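For reference, the structure is listed below as structure tokens.
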Amino acid sequence: MTKRSHEDIAKPLSGLGSIVSSAHLAEGALPALSEVEFGLNMISHAYGRWMVRCMAAAGIPDLSALDVQVLHHVVHRDRPKTIADLCLVLDVEDTHLVTYAAKKLQALGLVSGGRRGKEKTLSATVTGKKACARYREVREALLSTAVAATGIAPDKLSEIAAVLRALSGHYDQAARSAASL
């Protein structure tokens, strides 16, 4: 079996066309966007499964992907966060989803509540910080090593991340426009 580079893997297979989930969407002005959307769908589901299973392997089972994201962000930079902070950074419109995650994490002793003026804040507990440290260890052992082995350069991953952030802005703007139709 011949080893293919990541550039070769990204190219459509000869004669088979592009890989899309909805051919009728690929018939428009930008067929490659349908390919990106299919890839986003696949990676978003895979990433969600990964977060849940990695945290379970780290010793904290039964968290949702959003619960894991909220915990990581509360641990981030070791500063108290408000629900509004978390919603903004995680790009979650429904504050009740983050509030529910926060209550669940508090019940598990992973975060604790506090106050900043009238706003409720969340801070990581020692248990929460240890869970995130163990998550990082599992991530390094199972994911980082595997991704590094693909040969994709770190600067290429950073470039992909920048493109994804830019695309998210376009999707947000399109969502606002669609809401006004």
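We label chains A, B, ... in the order they appear in the structure tokens, count residues from 1 in each chain, and number ligands from 1 in the order shown.
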Legend entry - Selection: 12 Å around Ala26 of chain A, only C-alpha atoms, excl. self and same-chain fewer than 4 positions, as a list of chain:residue names: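 These residues fall inside the cut-off: A:Gly17, A:Ser18, A:Ile19, A:Val20, A:Ser21, A:Ser22, A:Leu30, A:Pro31, A:Ala32, A:Leu33, A:Ser34, A:Glu35, A:Val36, A:Glu37, A:Phe38.
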Inset, instruction - Can you check which residues of segment 1-137 of chain A DSSP gives as strand (DSSP E or B) on the backbone and send them as number ranges by chain? - result: A: 81-82, 111-116, 119-124
Inset, instruction - May I ask which of the residues A:Thr121, A:Arg139, A:Arg165, A:Arg79 is the closest one to Val52 of chain A, counting only C-alpha atoms? - result: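 Distance minimum relative to Val52 of chain A lands on A:Arg139.
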Inset, instruction - Measuring atom to atom with only C-alpha atoms, identify which of A:Ala58, A:Ala46, A:Val89, A:Ala107 is nearest to His73 of chain A. - result: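 Of all the options, A:Val89 lies closest to His73 of chain A.
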